[in-house]
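Novice: Got a structure here, written out as structure tokens. Questions coming.
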Amino acid sequence: MPKILVVDDNLDIVFMVKTVLEKNGYEVASASNGYEALKAININLPDLMIVDLTMPEMDGWRLSMKVRQDERCKNIPIIVLSGLLSEEESQPESNEPYNVLIAKPFDVFKLMAKVKELLEAGVK
């Protein structure tokens, strides 16, 4: 069962994403900021991360950078969710620390399709 870490300070979004992921057979952990996410990663290395870009204490961009610098988890696929984006979904530049950007508000079914695609492709 693939493990997914959802990192967002909006508890409603965490609840919605976690519920849908669990109903689709994924094991899900959550964190409300980058520091909590790093602790969660040390406890149970995820197969994929879904990360909000704007969070208190440590934002999603800094978290993604730290994950990419860690040899154990540098290849974990990262989907970034952001209310700062104007496009529904875009591919990041090659030097960005994440695999996919998805704008908020987002379609949960499209998010699920991207999760499945990244996990099946073995993007690591």
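Letters for chains follow the order of the structure tokens (A, B, ...), residue numbers begin at 1 for each chain, and ligand numbers begin at 1 in the order shown.
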Stretch 35-77 of chain A: which residues are strand (DSSP E or B) by DSSP, as a ChimeraX atom specification?
Specialist: /A:48-52
Novice: Would you list the contacts of stretch 35-44 of chain A as a VMD selection string, taking every protein, DNA or RNA residue within 12 Å and counting only C-alpha atoms, but skipping same-chain residues closer than 2 positions in sequence?
Specialist: chain A and resid 2 to 9 27 to 33 46 to 52 55 to 60 62 to 68 70 72 to 74 76
Novice: Can you check which residues of chain A DSSP gives as alpha helix (DSSP H) on the backbone and send them as a PyMOL selection string?
Specialist: chain A and resi 11-23+34-43+60-69+108-121
Novice: As a VMD selection string, please: the residues near A:Lys104 (cut-off 7 Å, only C-alpha atoms, same-chain neighbours under 5 positions excluded).
Specialist: chain A and resid 81 to 83
Novice: Please dump the current selection as a CSV table (one decimal), in the first residue's frame; keep N, CA, C and O atoms.
Specialist:
chain,number,residue,atom,x,y,z
A,81,LEU,N,0.5,22.0,-4.2
A,81,LEU,CA,-0.8,22.7,-4.3
A,81,LEU,C,-0.6,24.2,-3.9
A,81,LEU,O,0.1,24.4,-3.0
A,82,SER,N,-1.2,25.1,-4.7
A,82,SER,CA,-1.0,26.5,-4.4
A,82,SER,C,-2.2,27.3,-4.9
A,82,SER,O,-2.6,27.2,-6.0
A,83,GLY,N,-2.6,28.2,-4.0
A,83,GLY,CA,-3.5,29.3,-4.4
A,83,GLY,C,-2.9,30.4,-5.1
A,83,GLY,O,-3.6,31.3,-5.6
